[in-house]
Amino acid sequence: MSLPENTTVLIVGAGPAGLTAALSLAHHKCHDFVIVDAVVEGQNASRAIVIHCATVEALASIDAADGLLSQANRGRSIRITSRSSQIFEVKFDPLKKHSAHPYALFIPQNVTELVLGQKLQSLGVQVQRPHRVVGMKQNENDPRITDVSFEDGQVIRARYIIGADGARSIIRTIAGIGFSGPEGSDLSNNVLAQMVSADVTFEPEPVGPFTLEGHLNATVFSGNLFFLIPLGNRFNAELTRDGKSTTKSIFRIGCAIPMKNGEPPRAPTKEYIQDLIDRYGPACITSDPSLNPTPVKVDQLVWSTRFRTHSAIADRTFTRFGAAVFLVGDAAHIHSPAGGQGMNLGIRDAIFLAEAVTKHIQASAENPDVDDTILRELADARHARALEIIGFSETLLKLASYTYDTYAWWIPFSGASIRDLMLRILGRFDFVQSKVAWSLSGLGRR
């Protein structure tokens, strides 16, 4: 498909951050933009699954939340559990004091992309695919324009470029922006440095409080971390569109892989996932009769992947390369899934950035020599916010990594046992639950 020769704003990447940037531009009456993506079809993987309260509010502010609200499971709580009992529960209900959306949304990322893409189409905007950026250079005639070249030989001249093209961002690379772990961040030796994630069904279907929809269960066991999110069957069509359909409830699981066990396979098999469940998962979904009176086994492996839990952040999220160049989403920062903050931060970045870009476009129309103060202040603020959230997610990951190994024979305690005891005690106090819910919601870190 042919691309226009000129555009005011070029968005590269049509994941959640890129789509949201486009929706935010449209909401702020900026319609001269193009959004491109390198792949033929979007929504290719499930990946992130939680949209927190502050992100729902931000999406609602640009009239882009209704579709997600109608499709998602509304999360009532996040539970910290042992394999058989609850240790601590973070209930979102106290957020009623602060928000019209006192819940998290549990919705697979591919469904989120589908819904946001449909909203964008309803505004008359189509993602241009497949168009892979291969080069950028300053325009010879206008120093504030960049010529962006694509693999198929086409070129777009743009005044603003939003790089939303993921952790391996070509926009970031060409612009010469570094991407590394923040100072003091080193989880290379952490036992939770690598994880796998999968969507599965069970036979027979498991029962018990951990299998109820509306709750995210984080099981801590032997220094490991295991996530279980019951999705029901409302996303079955989207999750199984490339494989065998099912009417059974689908469960999202995630499990840390101890470094001593080696690197997990790129696409873990059904047998591999079953072994992880039996070793580290809640008793109610295991096939071990000594743990589960009604053993269950993985029936269908819908999707699986592996990933690292390391953190990295771009040296800066704004630069001049002729055009004003910005980074959002994974192109700007990546970090562990603990707390479910990554996609949320990227979406909020995109919403606030598009508003700032629109203001700068309006200011430039009045004064062609306007400086970049609006853009730099926004970029600096979002960079600082990313560093703060990276620190928060790493703290959560470290807490989860404590083991039950005792310190010494004369000190019959372990870091994990002390953590669990403190959580059980603190969980009895409403103000503690409210504080944790506030921290996870993003309301204090918009």
# chains A, B, ... in the order shown; residues from 1 in each chain; ligands from 1
call {"tool": "select_by_dssp", "arguments": {"residues": "segment 45-190 of chain A", "states": "strand (DSSP E)", "output": "NGL selection string"}}
result
:A and (50-51 or 73-75 or 77-81 or 86-91 or 104-106 or 133-138 or 146-150 or 155-163 or 179-180)
call {"tool": "select_by_dssp", "arguments": {"residues": "segment 54-259 of chain A", "states": "alpha helix (DSSP H)", "output": "PyMOL selection string"}}
result
chain A and resi 54-61+66-71+109-122+170-174+236-239
call {"tool": "write_last_selection", "arguments": {"atoms": "C-alpha atoms", "output": "PDB file, in the first residue's frame"}}
result
ATOM      1  CA  ALA A  54      -5.055   5.075  36.265  1.00  0.00           C
ATOM      2  CA  THR A  55      -4.697   3.772  32.720  1.00  0.00           C
ATOM      3  CA  VAL A  56      -8.451   3.231  32.390  1.00  0.00           C
ATOM      4  CA  GLU A  57      -8.934   6.831  33.520  1.00  0.00           C
ATOM      5  CA  ALA A  58      -6.373   8.073  31.001  1.00  0.00           C
ATOM      6  CA  LEU A  59      -8.033   6.131  28.175  1.00  0.00           C
ATOM      7  CA  ALA A  60     -11.450   7.436  29.242  1.00  0.00           C
ATOM      8  CA  SER A  61     -10.072  10.994  29.013  1.00  0.00           C
ATOM      9  CA  ASP A  66     -15.576   1.983  26.495  1.00  0.00           C
ATOM     10  CA  GLY A  67     -14.629  -0.908  24.231  1.00  0.00           C
ATOM     11  CA  LEU A  68     -12.163  -2.269  26.767  1.00  0.00           C
ATOM     12  CA  LEU A  69     -14.641  -1.854  29.635  1.00  0.00           C
ATOM     13  CA  SER A  70     -17.260  -3.834  27.726  1.00  0.00           C
ATOM     14  CA  GLN A  71     -14.955  -6.758  26.971  1.00  0.00           C
ATOM     15  CA  GLN A 109      -2.911  -7.681  25.038  1.00  0.00           C
ATOM     16  CA  ASN A 110      -3.961  -8.972  21.639  1.00  0.00           C
ATOM     17  CA  VAL A 111      -7.588  -8.215  22.538  1.00  0.00           C
ATOM     18  CA  THR A 112      -6.567  -4.784  23.832  1.00  0.00           C
ATOM     19  CA  GLU A 113      -4.875  -4.088  20.484  1.00  0.00           C
ATOM     20  CA  LEU A 114      -7.916  -5.334  18.602  1.00  0.00           C
ATOM     21  CA  VAL A 115     -10.275  -3.069  20.547  1.00  0.00           C
ATOM     22  CA  LEU A 116      -8.042   0.000  20.245  1.00  0.00           C
ATOM     23  CA  GLY A 117      -7.553  -0.694  16.532  1.00  0.00           C
ATOM     24  CA  GLN A 118     -11.301  -0.927  16.002  1.00  0.00           C
ATOM     25  CA  LYS A 119     -11.759   2.387  17.799  1.00  0.00           C
ATOM     26  CA  LEU A 120      -9.153   3.968  15.545  1.00  0.00           C
ATOM     27  CA  GLN A 121     -10.877   2.548  12.448  1.00  0.00           C
ATOM     28  CA  SER A 122     -14.168   4.037  13.605  1.00  0.00           C
ATOM     29  CA  ILE A 170      14.734   0.821  14.997  1.00  0.00           C
ATOM     30  CA  ILE A 171      13.733   4.452  15.628  1.00  0.00           C
ATOM     31  CA  ARG A 172      15.730   4.482  18.861  1.00  0.00           C
ATOM     32  CA  THR A 173      18.717   2.838  17.170  1.00  0.00           C
ATOM     33  CA  ILE A 174      18.837   5.182  14.176  1.00  0.00           C
ATOM     34  CA  ASN A 236     -11.605 -17.776  23.506  1.00  0.00           C
ATOM     35  CA  ALA A 237     -12.253 -16.654  19.919  1.00  0.00           C
ATOM     36  CA  GLU A 238      -9.403 -14.116  19.964  1.00  0.00           C
ATOM     37  CA  LEU A 239      -6.937 -16.345  21.839  1.00  0.00           C
TER      38      LEU A 239
END
call {"tool": "closest_atom_pairs", "arguments": {"of": "segment 58-130 of chain A", "to": "segment 398-402 of chain A", "cutoff": "12 Å", "atoms": "only C-alpha atoms", "output": "CSV"}}
result
residue,atom,partner,partner_atom,distance
A:Ile80,CA,A:Ala400,CA,9.6
A:Thr81,CA,A:Ala400,CA,11.0
A:Ser82,CA,A:Ala400,CA,11.5
call {"tool": "closest_residue", "arguments": {"among": "A:His310, A:His31, A:His215, A:Arg241", "to": "Arg76 of chain A", "atoms": "only C-alpha atoms"}}
result
A:His215
call {"tool": "residues_around", "arguments": {"residues": "segment 354-367 of chain A", "least_positions_apart": "3", "cutoff": "12 Å", "atoms": "only C-alpha atoms", "output": "PyMOL selection string"}}
result
chain A and resi 8-11+17-33+58+61-62+144+159-162+318+323-328+347-351+370-379+381-382
call {"tool": "residues_around", "arguments": {"residues": "segment 274-283 of chain A", "least_positions_apart": "6", "cutoff": "9 Å", "atoms": "only C-alpha atoms", "output": "PyMOL selection string"}}
result
chain A and resi 81-85+210+217+219-222+224-228+253+255+257+291-292+295+297-298
call {"tool": "closest_residue", "arguments": {"among": "A:Ala158, A:Val196, A:Leu301, A:Ile273", "to": "Ala256 of chain A", "atoms": "only C-alpha atoms"}}
result
A:Val196
call {"tool": "closest_residue", "arguments": {"among": "A:Gln86, A:Val148, A:Val36, A:Pro94", "to": "Gln126 of chain A", "atoms": "only C-alpha atoms"}}
result
A:Val36
call {"tool": "residues_around", "arguments": {"residues": "segment 250-252 of chain A", "least_positions_apart": "6", "cutoff": "6 Å", "atoms": "only C-alpha atoms", "output": "VMD selection string"}}
result
chain A and resid 198 to 201 228 to 232
call {"tool": "residues_around", "arguments": {"residues": "Arg129 of chain A", "least_positions_apart": "2", "cutoff": "8 Å", "atoms": "only C-alpha atoms", "output": "list in words"}}
result
Met1, Val36, Asp37, Ala38, Val39, Val40, Glu41, Val127 and His131 of chain A
call {"tool": "write_last_selection", "arguments": {"atoms": "all heavy atoms", "output": "PDB file, in the first residue's frame"}}
result
ATOM      1  N   MET A   1       0.849  -1.195   0.000  1.00  0.00           N
ATOM      2  CA  MET A   1       0.000   0.000   0.000  1.00  0.00           C
ATOM      3  C   MET A   1       0.884   1.244   0.000  1.00  0.00           C
ATOM      4  O   MET A   1       1.864   1.314   0.748  1.00  0.00           O
ATOM      5  CB  MET A   1      -0.913  -0.005   1.241  1.00  0.00           C
ATOM      6  CG  MET A   1      -1.889   1.159   1.300  1.00  0.00           C
ATOM      7  SD  MET A   1      -2.976   1.083   2.732  1.00  0.00           S
ATOM      8  CE  MET A   1      -3.922  -0.389   2.341  1.00  0.00           C
ATOM      9  N   VAL A  36       2.135   3.377  11.120  1.00  0.00           N
ATOM     10  CA  VAL A  36       2.607   2.231  10.350  1.00  0.00           C
ATOM     11  C   VAL A  36       3.072   1.134  11.286  1.00  0.00           C
ATOM     12  O   VAL A  36       3.423   1.382  12.448  1.00  0.00           O
ATOM     13  CB  VAL A  36       3.771   2.621   9.414  1.00  0.00           C
ATOM     14  CG1 VAL A  36       3.346   3.706   8.441  1.00  0.00           C
ATOM     15  CG2 VAL A  36       5.002   3.060  10.200  1.00  0.00           C
ATOM     16  N   ASP A  37       3.084  -0.083  10.766  1.00  0.00           N
ATOM     17  CA  ASP A  37       3.606  -1.217  11.535  1.00  0.00           C
ATOM     18  C   ASP A  37       4.310  -2.173  10.580  1.00  0.00           C
ATOM     19  O   ASP A  37       3.910  -2.299   9.406  1.00  0.00           O
ATOM     20  CB  ASP A  37       2.485  -1.947  12.277  1.00  0.00           C
ATOM     21  CG  ASP A  37       3.025  -2.822  13.393  1.00  0.00           C
ATOM     22  OD1 ASP A  37       3.333  -4.007  13.132  1.00  0.00           O
ATOM     23  OD2 ASP A  37       3.150  -2.320  14.526  1.00  0.00           O
ATOM     24  N   ALA A  38       5.329  -2.859  11.104  1.00  0.00           N
ATOM     25  CA  ALA A  38       6.165  -3.707  10.249  1.00  0.00           C
ATOM     26  C   ALA A  38       5.530  -5.048   9.930  1.00  0.00           C
ATOM     27  O   ALA A  38       5.911  -5.699   8.959  1.00  0.00           O
ATOM     28  CB  ALA A  38       7.530  -3.926  10.907  1.00  0.00           C
ATOM     29  N   VAL A  39       4.553  -5.499  10.735  1.00  0.00           N
ATOM     30  CA  VAL A  39       3.975  -6.828  10.517  1.00  0.00           C
ATOM     31  C   VAL A  39       2.690  -6.727   9.711  1.00  0.00           C
ATOM     32  O   VAL A  39       2.001  -5.701   9.714  1.00  0.00           O
ATOM     33  CB  VAL A  39       3.709  -7.558  11.850  1.00  0.00           C
ATOM     34  CG1 VAL A  39       5.004  -7.750  12.611  1.00  0.00           C
ATOM     35  CG2 VAL A  39       2.706  -6.802  12.702  1.00  0.00           C
ATOM     36  N   VAL A  40       2.373  -7.825   9.036  1.00  0.00           N
ATOM     37  CA  VAL A  40       1.199  -7.852   8.159  1.00  0.00           C
ATOM     38  C   VAL A  40      -0.083  -7.741   8.958  1.00  0.00           C
ATOM     39  O   VAL A  40      -1.054  -7.100   8.560  1.00  0.00           O
ATOM     40  CB  VAL A  40       1.191  -9.145   7.317  1.00  0.00           C
ATOM     41  CG1 VAL A  40      -0.084  -9.243   6.482  1.00  0.00           C
ATOM     42  CG2 VAL A  40       2.422  -9.202   6.417  1.00  0.00           C
ATOM     43  N   GLU A  41      -0.099  -8.360  10.123  1.00  0.00           N
ATOM     44  CA  GLU A  41      -1.319  -8.383  10.932  1.00  0.00           C
ATOM     45  C   GLU A  41      -0.959  -8.146  12.383  1.00  0.00           C
ATOM     46  O   GLU A  41       0.072  -8.623  12.863  1.00  0.00           O
ATOM     47  CB  GLU A  41      -2.023  -9.735  10.793  1.00  0.00           C
ATOM     48  CG  GLU A  41      -3.381  -9.796  11.478  1.00  0.00           C
ATOM     49  CD  GLU A  41      -4.079 -11.132  11.251  1.00  0.00           C
ATOM     50  OE1 GLU A  41      -3.451 -12.034  10.660  1.00  0.00           O
ATOM     51  OE2 GLU A  41      -5.229 -11.275  11.691  1.00  0.00           O
ATOM     52  N   VAL A 127      -4.293   1.515  10.191  1.00  0.00           N
ATOM     53  CA  VAL A 127      -2.864   1.237  10.344  1.00  0.00           C
ATOM     54  C   VAL A 127      -2.321   0.773   9.000  1.00  0.00           C
ATOM     55  O   VAL A 127      -2.888  -0.124   8.361  1.00  0.00           O
ATOM     56  CB  VAL A 127      -2.624   0.154  11.419  1.00  0.00           C
ATOM     57  CG1 VAL A 127      -1.127  -0.190  11.501  1.00  0.00           C
ATOM     58  CG2 VAL A 127      -3.140   0.618  12.779  1.00  0.00           C
ATOM     59  N   HIS A 131       4.942  -2.034   6.792  1.00  0.00           N
ATOM     60  CA  HIS A 131       5.913  -1.009   6.400  1.00  0.00           C
ATOM     61  C   HIS A 131       6.997  -0.945   7.470  1.00  0.00           C
ATOM     62  O   HIS A 131       6.749  -0.478   8.584  1.00  0.00           O
ATOM     63  CB  HIS A 131       5.232   0.352   6.232  1.00  0.00           C
ATOM     64  CG  HIS A 131       4.260   0.400   5.090  1.00  0.00           C
ATOM     65  ND1 HIS A 131       4.661   0.374   3.764  1.00  0.00           N
ATOM     66  CD2 HIS A 131       2.905   0.443   5.079  1.00  0.00           C
ATOM     67  CE1 HIS A 131       3.587   0.420   2.992  1.00  0.00           C
ATOM     68  NE2 HIS A 131       2.511   0.458   3.750  1.00  0.00           N
TER      69      HIS A 131
END
call {"tool": "closest_residue", "arguments": {"among": "A:Ser311, A:Ser77, A:Ser2, A:Asn261", "to": "Val436 of chain A", "atoms": "only C-alpha atoms"}}
result
A:Ser77
call {"tool": "residues_around", "arguments": {"residues": "Glu205 of chain A", "least_positions_apart": "2", "cutoff": "8 Å", "atoms": "only C-alpha atoms", "output": "list in words"}}
result
Thr201, Phe202, Glu203, Val207, Lys248, Ser249 and Val296 of chain A
call {"tool": "write_last_selection", "arguments": {"atoms": "N, CA and C atoms", "output": "PDB file, in the first residue's frame"}}
result
ATOM      1  N   THR A 201      -5.893 -24.530  28.869  1.00  0.00           N
ATOM      2  CA  THR A 201      -7.134 -25.075  29.417  1.00  0.00           C
ATOM      3  C   THR A 201      -6.785 -26.345  30.187  1.00  0.00           C
ATOM      4  N   PHE A 202      -7.698 -26.769  31.046  1.00  0.00           N
ATOM      5  CA  PHE A 202      -7.454 -27.956  31.871  1.00  0.00           C
ATOM      6  C   PHE A 202      -8.545 -29.001  31.668  1.00  0.00           C
ATOM      7  N   GLU A 203      -8.179 -30.243  31.955  1.00  0.00           N
ATOM      8  CA  GLU A 203      -9.135 -31.352  31.946  1.00  0.00           C
ATOM      9  C   GLU A 203      -8.875 -32.227  33.178  1.00  0.00           C
ATOM     10  N   VAL A 207     -11.330 -26.478  40.163  1.00  0.00           N
ATOM     11  CA  VAL A 207     -12.263 -25.763  41.029  1.00  0.00           C
ATOM     12  C   VAL A 207     -11.502 -25.256  42.244  1.00  0.00           C
ATOM     13  N   LYS A 248     -13.812 -24.290  26.636  1.00  0.00           N
ATOM     14  CA  LYS A 248     -13.399 -24.350  28.044  1.00  0.00           C
ATOM     15  C   LYS A 248     -12.850 -23.000  28.515  1.00  0.00           C
ATOM     16  N   SER A 249     -12.791 -22.855  29.820  1.00  0.00           N
ATOM     17  CA  SER A 249     -12.185 -21.663  30.401  1.00  0.00           C
ATOM     18  C   SER A 249     -10.686 -21.678  30.138  1.00  0.00           C
ATOM     19  N   VAL A 296      -5.873 -32.306  38.002  1.00  0.00           N
ATOM     20  CA  VAL A 296      -6.198 -31.819  36.667  1.00  0.00           C
ATOM     21  C   VAL A 296      -4.905 -31.740  35.858  1.00  0.00           C
TER      22      VAL A 296
END
call {"tool": "atom_distance", "arguments": {"atom1": "atom CA of Gly262 of chain A", "atom2": "atom CA of Gln194 of chain A"}}
result
9.6 Å
call {"tool": "atom_distance", "arguments": {"atom1": "atom CA of Pro204 of chain A", "atom2": "atom CA of Ser287 of chain A"}}
result
10.3 Å
call {"tool": "closest_residue", "arguments": {"among": "A:Thr403, A:Asn344, A:Ser434, A:Thr317", "to": "Pro16 of chain A", "atoms": "only C-alpha atoms"}}
result
A:Asn344
